[in-house]
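Asker: Input structure: my_file_1.json, which contains JSON, C-alpha atoms.
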```json
[["chain", "number", "residue", "atom", "x", "y", "z"],
["A", 1, "MET", "CA", 6.47, 5.24, -43.77],
["A", 2, "ILE", "CA", 8.93, 2.36, -44.11],
["A", 3, "TRP", "CA", 11.82, 4.72, -43.22],
["A", 4, "LEU", "CA", 10.00, 5.96, -40.14],
["A", 5, "LEU", "CA", 9.32, 2.36, -39.15],
["A", 6, "GLY", "CA", 12.98, 1.51, -39.66],
["A", 7, "LEU", "CA", 14.02, 4.50, -37.54],
["A", 8, "LEU", "CA", 11.66, 3.45, -34.75],
["A", 9, "ILE", "CA", 12.82, -0.16, -34.85],
["A", 10, "GLY", "CA", 16.43, 1.05, -34.75],
["A", 11, "MET", "CA", 15.54, 3.14, -31.71],
["A", 12, "MET", "CA", 13.90, 0.13, -30.06],
["A", 13, "LEU", "CA", 16.94, -2.04, -30.72],
["A", 14, "ALA", "CA", 19.30, 0.65, -29.40],
["A", 15, "ALA", "CA", 17.19, 1.05, -26.24],
["A", 16, "ALA", "CA", 17.00, -2.74, -25.79],
["A", 17, "ILE", "CA", 20.80, -3.01, -26.03],
["A", 18, "ALA", "CA", 21.11, -0.09, -23.61],
["A", 19, "VAL", "CA", 19.07, -2.12, -21.08],
["A", 20, "LEU", "CA", 21.76, -4.81, -21.18],
["A", 21, "VAL", "CA", 24.72, -2.44, -21.18],
["A", 22, "LEU", "CA", 23.69, 0.25, -18.68],
["A", 23, "GLU", "CA", 25.14, -0.06, -15.18],
["A", 24, "ASN", "CA", 22.52, 2.11, -13.53],
["A", 25, "HIS", "CA", 19.38, 0.04, -12.84],
["A", 26, "ILE", "CA", 16.96, 2.96, -13.00],
["A", 27, "ALA", "CA", 18.42, 4.04, -16.35],
["A", 28, "ALA", "CA", 17.89, 0.47, -17.60],
["A", 29, "VAL", "CA", 14.23, 0.62, -16.49],
["A", 30, "ALA", "CA", 13.85, 3.93, -18.34],
["A", 31, "ALA", "CA", 15.35, 2.27, -21.44],
["A", 32, "THR", "CA", 12.76, -0.56, -21.30],
["A", 33, "SER", "CA", 10.11, 2.14, -21.18],
["A", 34, "ILE", "CA", 11.62, 3.73, -24.32],
["A", 35, "VAL", "CA", 11.33, 0.37, -26.12],
["A", 36, "SER", "CA", 7.62, 0.29, -25.27],
["A", 37, "LEU", "CA", 7.05, 3.92, -26.25],
["A", 38, "ALA", "CA", 8.69, 3.43, -29.66],
["A", 39, "LEU", "CA", 6.65, 0.24, -30.10],
["A", 40, "SER", "CA", 3.44, 2.12, -29.37],
["A", 41, "VAL", "CA", 4.31, 4.64, -32.10],
["A", 42, "VAL", "CA", 4.92, 1.68, -34.44],
["A", 43, "PHE", "CA", 1.43, 0.40, -33.58],
["A", 44, "VAL", "CA", -0.06, 3.80, -34.41],
["A", 45, "LEU", "CA", 1.74, 3.75, -37.78],
["A", 46, "LEU", "CA", 0.39, 0.24, -38.43],
["A", 47, "ARG", "CA", -3.12, 1.60, -37.74],
["A", 48, "ALA", "CA", -3.73, -0.20, -34.44],
["A", 49, "PRO", "CA", -4.52, 2.67, -32.04],
["A", 50, "ASP", "CA", -6.13, 0.34, -29.47],
["A", 51, "VAL", "CA", -2.99, -1.75, -29.17],
["A", 52, "ALA", "CA", -0.88, 1.42, -29.14],
["A", 53, "MET", "CA", -2.81, 2.77, -26.16],
["A", 54, "THR", "CA", -2.42, -0.49, -24.29],
["A", 55, "GLU", "CA", 1.29, -0.61, -25.08],
["A", 56, "ALA", "CA", 1.79, 2.98, -23.91],
["A", 57, "ALA", "CA", -0.24, 2.53, -20.70],
["A", 58, "VAL", "CA", 0.86, -0.96, -19.72],
["A", 59, "GLY", "CA", 4.25, -1.37, -21.41],
["A", 60, "ALA", "CA", 5.69, 2.10, -20.99],
["A", 61, "GLY", "CA", 3.85, 3.20, -17.84],
["A", 62, "LEU", "CA", 2.80, 0.38, -15.59],
["A", 63, "SER", "CA", 5.48, -2.24, -16.20],
["A", 64, "SER", "CA", 8.36, 0.23, -15.81],
["A", 65, "LEU", "CA", 6.70, 1.52, -12.63],
["A", 66, "ILE", "CA", 6.50, -2.05, -11.29],
["A", 67, "LEU", "CA", 10.13, -2.67, -12.28],
["A", 68, "ALA", "CA", 11.26, 0.54, -10.57],
["A", 69, "LEU", "CA", 9.30, -0.26, -7.40],
["A", 70, "SER", "CA", 10.73, -3.79, -7.37],
["A", 71, "LEU", "CA", 14.24, -2.31, -7.62],
["A", 72, "ARG", "CA", 13.43, -0.16, -4.60],
["A", 73, "ARG", "CA", 12.07, -3.20, -2.74],
["A", 74, "LEU", "CA", 15.30, -5.09, -3.44],
["A", 75, "GLY", "CA", 17.47, -2.17, -2.38],
["A", 76, "LEU", "CA", 18.96, -1.81, -5.87],
["A", 77, "TRP", "CA", 17.82, 1.78, -6.37],
["A", 78, "GLN", "CA", 21.21, 3.37, -6.96],
["A", 79, "ILE", "CA", 21.30, 7.01, -7.91],
["A", 80, "GLU", "CA", 24.22, 8.07, -10.04],
["A", 81, "GLY", "CA", 26.67, 10.40, -8.31],
["A", 82, "ASP", "CA", 26.09, 8.67, -4.98],
["A", 83, "LYS", "CA", 28.62, 9.94, -2.46],
["A", 84, "HIS", "CA", 29.67, 6.47, -1.31],
["A", 85, "PRO", "CA", 29.34, 4.08, -4.22],
["A", 86, "GLU", "CA", 31.30, 1.36, -2.40],
["A", 87, "ILE", "CA", 28.82, 1.36, 0.52],
["A", 88, "ALA", "CA", 25.92, 1.11, -1.89],
["A", 89, "LYS", "CA", 27.69, -1.77, -3.60],
["A", 90, "GLU", "CA", 28.21, -3.60, -0.33],
["A", 91, "GLY", "CA", 24.52, -3.22, 0.36],
["A", 92, "VAL", "CA", 23.74, -4.90, -2.95],
["A", 93, "ASP", "CA", 26.12, -7.81, -2.26],
["A", 94, "ALA", "CA", 24.68, -8.40, 1.17],
["B", 1, "MET", "CA", 28.63, -25.48, -27.54],
["B", 2, "ARG", "CA", 26.59, -22.69, -26.02],
["B", 3, "ASN", "CA", 27.78, -20.26, -28.68],
["B", 4, "LEU", "CA", 26.86, -22.75, -31.37],
["B", 5, "THR", "CA", 23.34, -23.09, -29.94],
["B", 6, "SER", "CA", 22.93, -19.32, -29.80],
["B", 7, "LEU", "CA", 24.19, -19.03, -33.38],
["B", 8, "LEU", "CA", 21.73, -21.70, -34.54],
["B", 9, "PHE", "CA", 18.90, -19.97, -32.71],
["B", 10, "ALA", "CA", 19.78, -16.57, -34.18],
["B", 11, "ALA", "CA", 20.06, -18.07, -37.68],
["B", 12, "GLY", "CA", 16.68, -19.77, -37.29],
["B", 13, "LEU", "CA", 15.05, -16.57, -36.10],
["B", 14, "ALA", "CA", 16.59, -14.60, -38.99],
["B", 15, "PHE", "CA", 15.34, -17.27, -41.42],
["B", 16, "PHE", "CA", 11.77, -17.05, -40.11],
["B", 17, "LEU", "CA", 11.81, -13.25, -40.16],
["B", 18, "LEU", "CA", 13.09, -13.29, -43.76],
["B", 19, "VAL", "CA", 10.37, -15.77, -44.74],
["B", 20, "ILE", "CA", 7.75, -13.51, -43.19],
["B", 21, "ALA", "CA", 9.24, -10.45, -44.91],
["B", 22, "ALA", "CA", 9.32, -12.24, -48.27],
["B", 23, "ARG", "CA", 5.88, -13.85, -48.12],
["B", 24, "PHE", "CA", 3.67, -11.12, -46.63],
["B", 25, "ASP", "CA", 3.22, -7.45, -47.43],
["B", 26, "LEU", "CA", 3.49, -5.19, -44.42],
["B", 27, "GLY", "CA", 0.06, -4.08, -43.25],
["B", 28, "ALA", "CA", -1.80, -6.16, -45.86],
["B", 29, "ALA", "CA", -2.32, -9.48, -44.14],
["B", 30, "PRO", "CA", -4.72, -11.94, -45.78],
["B", 31, "MET", "CA", -7.86, -11.27, -43.74],
["B", 32, "LEU", "CA", -10.61, -13.87, -43.80],
["B", 33, "VAL", "CA", -12.38, -13.58, -40.44],
["B", 34, "GLY", "CA", -11.35, -9.91, -40.27],
["B", 35, "ASP", "CA", -13.22, -9.00, -43.46],
["B", 36, "ALA", "CA", -16.36, -10.74, -42.28],
["B", 37, "ILE", "CA", -16.24, -9.00, -38.88],
["B", 38, "LEU", "CA", -15.58, -5.61, -40.52],
["B", 39, "GLN", "CA", -18.72, -6.13, -42.62],
["B", 40, "GLU", "CA", -21.00, -7.46, -39.92],
["B", 41, "ALA", "CA", -19.83, -5.96, -36.62],
["B", 42, "PRO", "CA", -21.39, -2.45, -36.63],
["B", 43, "ALA", "CA", -24.85, -3.81, -37.50],
["B", 44, "GLU", "CA", -24.61, -6.83, -35.20],
["B", 45, "THR", "CA", -23.24, -5.23, -32.01],
["B", 46, "GLY", "CA", -23.90, -1.52, -32.51],
["B", 47, "ALA", "CA", -20.36, -0.58, -31.44],
["B", 48, "ALA", "CA", -18.60, 2.03, -33.57],
["B", 49, "ASN", "CA", -15.19, 0.73, -32.40],
["B", 50, "ILE", "CA", -14.91, -2.66, -34.07],
["B", 51, "VAL", "CA", -12.06, -3.72, -31.78],
["B", 52, "THR", "CA", -14.46, -3.45, -28.84],
["B", 53, "SER", "CA", -17.11, -5.46, -30.63],
["B", 54, "VAL", "CA", -14.50, -8.22, -31.03],
["B", 55, "VAL", "CA", -13.06, -7.94, -27.52],
["B", 56, "LEU", "CA", -16.41, -7.97, -25.71],
["B", 57, "GLY", "CA", -18.91, -9.25, -28.27],
["B", 58, "TYR", "CA", -17.36, -11.97, -30.40],
["B", 59, "ARG", "CA", -14.58, -12.94, -28.00],
["B", 60, "GLY", "CA", -16.04, -11.99, -24.61],
["B", 61, "ILE", "CA", -14.90, -15.18, -22.95],
["B", 62, "ASP", "CA", -11.28, -14.41, -23.93],
["B", 63, "THR", "CA", -11.63, -11.12, -22.05],
["B", 64, "LEU", "CA", -12.93, -13.01, -19.03],
["B", 65, "GLY", "CA", -9.80, -15.17, -19.27],
["B", 66, "GLU", "CA", -7.61, -12.06, -19.46],
["B", 67, "ILE", "CA", -9.22, -10.62, -16.33],
["B", 68, "ALA", "CA", -8.68, -13.94, -14.56],
["B", 69, "ILE", "CA", -5.00, -13.97, -15.58],
["B", 70, "LEU", "CA", -4.50, -10.41, -14.33],
["B", 71, "PHE", "CA", -6.23, -11.31, -11.05],
["B", 72, "THR", "CA", -4.01, -14.37, -10.56],
["B", 73, "ALA", "CA", -0.86, -12.39, -11.35],
["B", 74, "SER", "CA", -1.68, -9.59, -8.90],
["B", 75, "LEU", "CA", -2.67, -12.18, -6.28],
["B", 76, "ALA", "CA", 0.70, -13.91, -6.67],
["B", 77, "ALA", "CA", 2.55, -10.58, -6.49],
["B", 78, "GLY", "CA", 0.65, -9.68, -3.32],
["B", 79, "LEU", "CA", 1.54, -13.04, -1.76],
["B", 80, "VAL", "CA", 5.24, -12.66, -2.57],
["B", 81, "LEU", "CA", 5.42, -9.09, -1.24],
["B", 82, "GLY", "CA", 4.22, -9.94, 2.25],
["B", 83, "ARG", "CA", 3.37, -7.61, 5.09],
["B", 84, "ARG", "CA", 5.47, -4.73, 6.43],
["B", 85, "ARG", "CA", 6.41, -4.47, 10.08],
["B", 86, "PRO", "CA", 4.72, -1.58, 11.89],
["B", 87, "GLU", "CA", 8.05, -0.12, 13.02],
["B", 88, "ALA", "CA", 9.64, -0.16, 9.55],
["B", 89, "SER", "CA", 10.75, 3.27, 8.41],
["B", 90, "ARG", "CA", 8.90, 5.08, 5.64],
["B", 91, "ASP", "CA", 10.11, 7.42, 2.93],
["B", 92, "ALA", "CA", 9.71, 11.09, 3.70],
["B", 93, "ASP", "CA", 7.11, 13.15, 1.83],
["B", 94, "SER", "CA", 8.34, 14.41, -1.51],
["B", 95, "GLY", "CA", 8.94, 18.03, -2.42],
["B", 96, "ALA", "CA", 6.38, 20.73, -3.16],
["B", 97, "VAL", "CA", 6.58, 20.24, -6.95],
["B", 98, "LEU", "CA", 5.51, 16.62, -6.86],
["B", 99, "GLN", "CA", 2.88, 17.20, -4.17],
["B", 100, "ILE", "CA", 1.16, 20.04, -6.04],
["B", 101, "SER", "CA", 1.44, 18.26, -9.40],
["B", 102, "ALA", "CA", -0.13, 15.20, -7.78],
["B", 103, "GLN", "CA", -3.09, 17.27, -6.62],
["B", 104, "LEU", "CA", -3.40, 18.76, -10.12],
["B", 105, "LEU", "CA", -3.01, 15.43, -11.91],
["B", 106, "PHE", "CA", -5.42, 13.37, -9.79],
["B", 107, "PRO", "CA", -8.74, 14.79, -11.10],
["B", 108, "LEU", "CA", -7.33, 15.06, -14.63],
["B", 109, "LEU", "CA", -6.27, 11.41, -14.71],
["B", 110, "LEU", "CA", -9.59, 10.36, -13.17],
["B", 111, "VAL", "CA", -11.54, 12.14, -15.93],
["B", 112, "VAL", "CA", -9.29, 10.77, -18.70],
["B", 113, "GLY", "CA", -9.53, 7.24, -17.29],
["B", 114, "PHE", "CA", -13.33, 7.26, -17.08],
["B", 115, "TYR", "CA", -13.56, 8.95, -20.50],
["B", 116, "ILE", "CA", -11.50, 6.19, -22.11],
["B", 117, "ILE", "CA", -13.51, 3.46, -20.34],
["B", 118, "LEU", "CA", -16.95, 4.91, -21.15],
["B", 119, "HIS", "CA", -16.03, 5.69, -24.78],
["B", 120, "GLY", "CA", -14.53, 2.24, -25.31],
["B", 121, "HIS", "CA", -17.29, 1.29, -27.76],
["B", 122, "LEU", "CA", -16.86, 4.52, -29.75],
["B", 123, "THR", "CA", -13.17, 5.43, -29.90],
["B", 124, "PRO", "CA", -9.91, 3.50, -29.47],
["B", 125, "GLY", "CA", -9.36, 2.48, -25.88],
["B", 126, "GLY", "CA", -11.50, 0.72, -23.34],
["B", 127, "GLY", "CA", -11.53, -0.99, -19.99],
["B", 128, "PHE", "CA", -7.93, -2.12, -19.85],
["B", 129, "GLN", "CA", -6.34, 1.15, -20.98],
["B", 130, "GLY", "CA", -8.68, 3.30, -18.91],
["B", 131, "GLY", "CA", -8.25, 1.00, -15.91],
["B", 132, "VAL", "CA", -4.48, 1.43, -15.99],
["B", 133, "ILE", "CA", -4.93, 5.23, -16.13],
["B", 134, "LEU", "CA", -7.31, 5.05, -13.13],
["B", 135, "ALA", "CA", -4.70, 3.03, -11.23],
["B", 136, "ALA", "CA", -2.09, 5.68, -12.10],
["B", 137, "ALA", "CA", -4.49, 8.39, -10.85],
["B", 138, "PHE", "CA", -4.68, 6.74, -7.45],
["B", 139, "PHE", "CA", -0.96, 6.00, -7.34],
["B", 140, "VAL", "CA", 0.30, 9.53, -8.07],
["B", 141, "PRO", "CA", -0.84, 10.99, -4.69],
["B", 142, "LEU", "CA", 0.77, 8.00, -2.99],
["B", 143, "LEU", "CA", 4.04, 8.82, -4.73],
["B", 144, "ALA", "CA", 3.88, 12.37, -3.36],
["B", 145, "ARG", "CA", 3.02, 11.28, 0.20],
["B", 146, "PRO", "CA", 4.33, 7.73, 0.81],
["B", 147, "GLY", "CA", 2.78, 7.61, 4.28],
["B", 148, "THR", "CA", -0.83, 7.92, 3.08],
["B", 149, "SER", "CA", -2.91, 4.94, 4.18],
["B", 150, "VAL", "CA", -4.69, 3.08, 1.38],
["B", 151, "ASN", "CA", -8.19, 1.67, 1.80],
["B", 152, "HIS", "CA", -7.44, -1.87, 0.62],
["B", 153, "THR", "CA", -10.81, -3.17, 1.79],
["B", 154, "GLY", "CA", -12.60, -0.67, -0.46],
["B", 155, "LEU", "CA", -10.34, -1.54, -3.39],
["B", 156, "SER", "CA", -11.00, -5.26, -2.97],
["B", 157, "LEU", "CA", -14.74, -4.56, -2.72],
["B", 158, "VAL", "CA", -14.76, -2.55, -5.97],
["B", 159, "GLU", "CA", -12.65, -5.21, -7.66],
["B", 160, "GLY", "CA", -14.83, -8.10, -6.51],
["B", 161, "LEU", "CA", -18.11, -6.35, -7.38],
["B", 162, "ALA", "CA", -16.84, -5.34, -10.83],
["B", 163, "GLY", "CA", -15.63, -8.89, -11.58],
["B", 164, "ALA", "CA", -18.92, -10.35, -10.35],
["B", 165, "GLY", "CA", -20.82, -7.79, -12.46],
["B", 166, "PHE", "CA", -18.98, -8.90, -15.61],
["B", 167, "ILE", "CA", -19.85, -12.55, -15.00],
["B", 168, "LEU", "CA", -23.44, -11.68, -14.01],
["B", 169, "ILE", "CA", -24.03, -9.82, -17.29],
["B", 170, "GLY", "CA", -22.68, -12.90, -19.07],
["B", 171, "LEU", "CA", -24.96, -15.22, -17.09],
["B", 172, "LEU", "CA", -27.96, -12.95, -17.75],
["B", 173, "ALA", "CA", -27.56, -13.63, -21.48],
["B", 174, "LEU", "CA", -27.35, -17.34, -20.70],
["B", 175, "PHE", "CA", -30.65, -17.20, -18.76],
["B", 176, "GLN", "CA", -32.34, -15.49, -21.71],
["B", 177, "GLY", "CA", -31.45, -18.47, -23.86],
["B", 178, "LYS", "CA", -28.50, -16.81, -25.62],
["B", 179, "ALA", "CA", -24.77, -17.58, -25.56],
["B", 180, "PHE", "CA", -22.66, -16.66, -22.50],
["B", 181, "LEU", "CA", -21.67, -12.95, -22.62],
["B", 182, "GLN", "CA", -23.75, -12.34, -25.76],
["B", 183, "PRO", "CA", -24.59, -8.59, -25.89],
["B", 184, "LEU", "CA", -28.05, -7.76, -24.58],
["B", 185, "LEU", "CA", -30.27, -4.65, -24.53],
["B", 186, "ASP", "CA", -31.04, -2.23, -27.33],
["B", 187, "LYS", "CA", -28.22, -1.54, -29.77],
["B", 188, "GLY", "CA", -29.20, 2.11, -30.11],
["B", 189, "THR", "CA", -27.80, 4.48, -32.74],
["B", 190, "LEU", "CA", -24.29, 3.75, -33.98],
["B", 191, "GLY", "CA", -21.82, 6.27, -32.54],
["B", 192, "MET", "CA", -23.92, 7.50, -29.62],
["B", 193, "LEU", "CA", -22.69, 7.25, -26.02],
["B", 194, "VAL", "CA", -25.67, 5.08, -25.02],
["B", 195, "SER", "CA", -25.44, 2.39, -27.67],
["B", 196, "ALA", "CA", -24.09, -1.11, -28.25],
["B", 197, "GLY", "CA", -26.26, -2.65, -25.52],
["B", 198, "THR", "CA", -24.32, -4.16, -22.64],
["B", 199, "LEU", "CA", -20.84, -3.59, -24.12],
["B", 200, "PRO", "CA", -20.23, -0.25, -22.27],
["B", 201, "LEU", "CA", -21.39, -1.87, -19.01],
["B", 202, "LEU", "CA", -18.99, -4.77, -19.54],
["B", 203, "TYR", "CA", -16.15, -2.34, -20.26],
["B", 204, "LEU", "CA", -17.02, -0.32, -17.15],
["B", 205, "ALA", "CA", -16.76, -3.52, -15.10],
["B", 206, "VAL", "CA", -13.43, -4.39, -16.73],
["B", 207, "GLY", "CA", -12.09, -0.86, -16.17],
["B", 208, "LEU", "CA", -13.08, -0.71, -12.49],
["B", 209, "LYS", "CA", -11.66, -4.18, -11.87],
["B", 210, "VAL", "CA", -8.36, -3.50, -13.62],
["B", 211, "GLY", "CA", -8.05, -0.08, -11.96],
["B", 212, "ALA", "CA", -8.76, -1.31, -8.43],
["B", 213, "GLU", "CA", -6.51, -4.34, -8.88],
["B", 214, "LEU", "CA", -3.53, -2.44, -10.21],
["B", 215, "ALA", "CA", -3.94, 0.44, -7.74],
["B", 216, "GLY", "CA", -3.88, -2.10, -4.89],
["B", 217, "LEU", "CA", -0.87, -3.87, -6.37],
["B", 218, "LEU", "CA", 1.08, -0.62, -6.86],
["B", 219, "ALA", "CA", 0.19, 0.56, -3.35],
["B", 220, "ASN", "CA", 1.36, -2.77, -1.91],
["B", 221, "LEU", "CA", 4.56, -2.64, -3.92],
["B", 222, "ALA", "CA", 5.34, 0.94, -2.92],
["B", 223, "ASP", "CA", 4.48, 0.21, 0.70],
["B", 224, "SER", "CA", 6.65, -2.89, 1.01],
["B", 225, "GLU", "CA", 9.76, -2.69, 3.17],
["B", 226, "VAL", "CA", 13.07, -2.00, 1.50],
["B", 227, "ASP", "CA", 15.64, -4.73, 1.98],
["B", 228, "PRO", "CA", 18.60, -3.44, 3.97]]
```
Can I see the file as structure tokens?

Answerer:
Amino acid sequence: MIWLLGLLIGMMLAAAIAVLVLENHIAAVAATSIVSLALSVVFVLLRAPDVAMTEAAVGAGLSSLILALSLRRLGLWQIEGDKHPEIAKEGVDA
Amino acid sequence: MRNLTSLLFAAGLAFFLLVIAARFDLGAAPMLVGDAILQEAPAETGAANIVTSVVLGYRGIDTLGEIAILFTASLAAGLVLGRRRPEASRDADSGAVLQISAQLLFPLLLVVGFYIILHGHLTPGGGFQGGVILAAAFFVPLLARPGTSVNHTGLSLVEGLAGAGFILIGLLALFQGKAFLQPLLDKGTLGMLVSAGTLPLLYLAVGLKVGAELAGLLANLADSEVDP
């Protein structure tokens, strides 16, 4: 149990660092969602299924959806392998 | 200077975490109120899920506060987003895979959402979790066809009526000479769908309110113009 918890917390930390490091905004949003998903599994292990459901629905689902939609609203939705990265970059600066 | 502050902060945080790790066993917190509630709750409220008996029975007014916070947050988000110009361009409809999966997922998510709301007093889950799933159910078709018009008047109506229903049930207890939001009606048999008095009704109100609110917020957010 404690090893599984440690593994999950390591996963959460790795995903949280990935949020800071990743260049791609959508990938960073996906990483925040991974933090929440791992946290919801931790809640299940700690015998709090109610909190786990809330964390999975709100933390992993809704908040990453809101973050992704806000990125789109701000014009920051960059897809990797874009044909003209410099144009996309100019759009962000403007 | 800044590095020093960060170092001090990190050291302080590590110290507190170590103190917590040294003083308390994981998963075996000293429960005082918790033990009492675990003993009393099933007989007092008739809810098989003790978390629900706390959320709606013993701490109902906290839940009212949570609903108010969520309402204020979505109101603020709606204000910031603003209105789109009629001539602004929309995203094209998505591909066949997403469109057909959206049609498949919509009834499934609807059933799961209402199941979680209506079984909130029996199994883990409840109004907030089920409400978010309901919001997702109404957002998935919008993701497949971005041009679909959303009935915001209907959503606001559902949201307002559900919020008013929650407060009315609370006031009803007050008029009967009990505390605000104290559970009413017959407790029924523990573990049955119709049991725990007004708790399922309160959770239904919470679920509808959260679902309508978040569906409206997501629709607004997805419908807002993209900055050039």

Asker: From the list A:Leu67, A:Ile2, A:Ala57, A:Pro49, which residue is nearest Ala28 of chain A when using all atoms listed in the file?

Answerer: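 For Ala28 of chain A, the nearest of the given residues is A:Leu67.
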
Asker: Using all atoms listed in the file, what table do you get, as JSON lines, when you list each residue of chain A with an atom no more than 10 Å from chain B, its nearest pair of atoms, and their distance in Å rounded to one decimal, rows by chain then rising number?

Answerer:
```
{"residue": "A:Ile2", "atom": "CA", "partner": "B:Leu26", "partner_atom": "CA", "distance": 9.3}
{"residue": "A:Leu45", "atom": "CA", "partner": "B:Gly27", "partner_atom": "CA", "distance": 9.7}
{"residue": "A:Leu46", "atom": "CA", "partner": "B:Gly27", "partner_atom": "CA", "distance": 6.5}
{"residue": "A:Arg47", "atom": "CA", "partner": "B:Gly27", "partner_atom": "CA", "distance": 8.5}
{"residue": "A:Ala48", "atom": "CA", "partner": "B:Pro124", "partner_atom": "CA", "distance": 8.8}
{"residue": "A:Pro49", "atom": "CA", "partner": "B:Pro124", "partner_atom": "CA", "distance": 6.0}
{"residue": "A:Asp50", "atom": "CA", "partner": "B:Pro124", "partner_atom": "CA", "distance": 4.9}
{"residue": "A:Val51", "atom": "CA", "partner": "B:Gly125", "partner_atom": "CA", "distance": 8.3}
{"residue": "A:Ala52", "atom": "CA", "partner": "B:Gly125", "partner_atom": "CA", "distance": 9.1}
{"residue": "A:Met53", "atom": "CA", "partner": "B:Gln129", "partner_atom": "CA", "distance": 6.5}
{"residue": "A:Thr54", "atom": "CA", "partner": "B:Gln129", "partner_atom": "CA", "distance": 5.4}
{"residue": "A:Glu55", "atom": "CA", "partner": "B:Gln129", "partner_atom": "CA", "distance": 8.8}
{"residue": "A:Ala56", "atom": "CA", "partner": "B:Gln129", "partner_atom": "CA", "distance": 8.8}
{"residue": "A:Ala57", "atom": "CA", "partner": "B:Gln129", "partner_atom": "CA", "distance": 6.3}
{"residue": "A:Val58", "atom": "CA", "partner": "B:Val132", "partner_atom": "CA", "distance": 6.9}
{"residue": "A:Gly61", "atom": "CA", "partner": "B:Ala136", "partner_atom": "CA", "distance": 8.6}
{"residue": "A:Leu62", "atom": "CA", "partner": "B:Val132", "partner_atom": "CA", "distance": 7.4}
{"residue": "A:Leu65", "atom": "CA", "partner": "B:Leu218", "partner_atom": "CA", "distance": 8.3}
{"residue": "A:Ile66", "atom": "CA", "partner": "B:Leu218", "partner_atom": "CA", "distance": 7.1}
{"residue": "A:Ala68", "atom": "CA", "partner": "B:Ala222", "partner_atom": "CA", "distance": 9.7}
{"residue": "A:Leu69", "atom": "CA", "partner": "B:Ala222", "partner_atom": "CA", "distance": 6.1}
{"residue": "A:Ser70", "atom": "CA", "partner": "B:Leu221", "partner_atom": "CA", "distance": 7.2}
{"residue": "A:Leu71", "atom": "CA", "partner": "B:Val226", "partner_atom": "CA", "distance": 9.2}
{"residue": "A:Arg72", "atom": "CA", "partner": "B:Val226", "partner_atom": "CA", "distance": 6.4}
{"residue": "A:Arg73", "atom": "CA", "partner": "B:Val226", "partner_atom": "CA", "distance": 4.5}
{"residue": "A:Leu74", "atom": "CA", "partner": "B:Asp227", "partner_atom": "CA", "distance": 5.4}
{"residue": "A:Gly75", "atom": "CA", "partner": "B:Asp227", "partner_atom": "CA", "distance": 5.4}
{"residue": "A:Leu76", "atom": "CA", "partner": "B:Asp227", "partner_atom": "CA", "distance": 9.0}
{"residue": "A:Trp77", "atom": "CA", "partner": "B:Val226", "partner_atom": "CA", "distance": 9.9}
{"residue": "A:Gly91", "atom": "CA", "partner": "B:Pro228", "partner_atom": "CA", "distance": 6.9}
{"residue": "A:Val92", "atom": "CA", "partner": "B:Pro228", "partner_atom": "CA", "distance": 8.7}
{"residue": "A:Ala94", "atom": "CA", "partner": "B:Pro228", "partner_atom": "CA", "distance": 8.3}
```

Asker: Write out, as a PDB file, keeping the file's coordinate frame, the residues just selected, with C-alpha atoms.

Answerer:
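File result_19.pdb, as written:
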```pdb
ATOM      1  CA  ILE A   2       8.930   2.360 -44.110  1.00  0.00           C
ATOM      2  CA  LEU A  45       1.740   3.750 -37.780  1.00  0.00           C
ATOM      3  CA  LEU A  46       0.390   0.240 -38.430  1.00  0.00           C
ATOM      4  CA  ARG A  47      -3.120   1.600 -37.740  1.00  0.00           C
ATOM      5  CA  ALA A  48      -3.730  -0.200 -34.440  1.00  0.00           C
ATOM      6  CA  PRO A  49      -4.520   2.670 -32.040  1.00  0.00           C
ATOM      7  CA  ASP A  50      -6.130   0.340 -29.470  1.00  0.00           C
ATOM      8  CA  VAL A  51      -2.990  -1.750 -29.170  1.00  0.00           C
ATOM      9  CA  ALA A  52      -0.880   1.420 -29.140  1.00  0.00           C
ATOM     10  CA  MET A  53      -2.810   2.770 -26.160  1.00  0.00           C
ATOM     11  CA  THR A  54      -2.420  -0.490 -24.290  1.00  0.00           C
ATOM     12  CA  GLU A  55       1.290  -0.610 -25.080  1.00  0.00           C
ATOM     13  CA  ALA A  56       1.790   2.980 -23.910  1.00  0.00           C
ATOM     14  CA  ALA A  57      -0.240   2.530 -20.700  1.00  0.00           C
ATOM     15  CA  VAL A  58       0.860  -0.960 -19.720  1.00  0.00           C
ATOM     16  CA  GLY A  61       3.850   3.200 -17.840  1.00  0.00           C
ATOM     17  CA  LEU A  62       2.800   0.380 -15.590  1.00  0.00           C
ATOM     18  CA  LEU A  65       6.700   1.520 -12.630  1.00  0.00           C
ATOM     19  CA  ILE A  66       6.500  -2.050 -11.290  1.00  0.00           C
ATOM     20  CA  ALA A  68      11.260   0.540 -10.570  1.00  0.00           C
ATOM     21  CA  LEU A  69       9.300  -0.260  -7.400  1.00  0.00           C
ATOM     22  CA  SER A  70      10.730  -3.790  -7.370  1.00  0.00           C
ATOM     23  CA  LEU A  71      14.240  -2.310  -7.620  1.00  0.00           C
ATOM     24  CA  ARG A  72      13.430  -0.160  -4.600  1.00  0.00           C
ATOM     25  CA  ARG A  73      12.070  -3.200  -2.740  1.00  0.00           C
ATOM     26  CA  LEU A  74      15.300  -5.090  -3.440  1.00  0.00           C
ATOM     27  CA  GLY A  75      17.470  -2.170  -2.380  1.00  0.00           C
ATOM     28  CA  LEU A  76      18.960  -1.810  -5.870  1.00  0.00           C
ATOM     29  CA  TRP A  77      17.820   1.780  -6.370  1.00  0.00           C
ATOM     30  CA  GLY A  91      24.520  -3.220   0.360  1.00  0.00           C
ATOM     31  CA  VAL A  92      23.740  -4.900  -2.950  1.00  0.00           C
ATOM     32  CA  ALA A  94      24.680  -8.400   1.170  1.00  0.00           C
TER      33      ALA A  94
END
```

Asker: Might I get the box with edges along x, y and z of the file that holds all atoms of segment 2-19 of chain A listed there, padded by 5 Å on every side, given as centre and edge lengths in Å to one decimal, as lines of an AutoDock Vina configuration file?

Answerer:
```
center_x = 15.0
center_y = 1.5
center_z = -32.6
size_x = 22.2
size_y = 19.0
size_z = 33.0
```
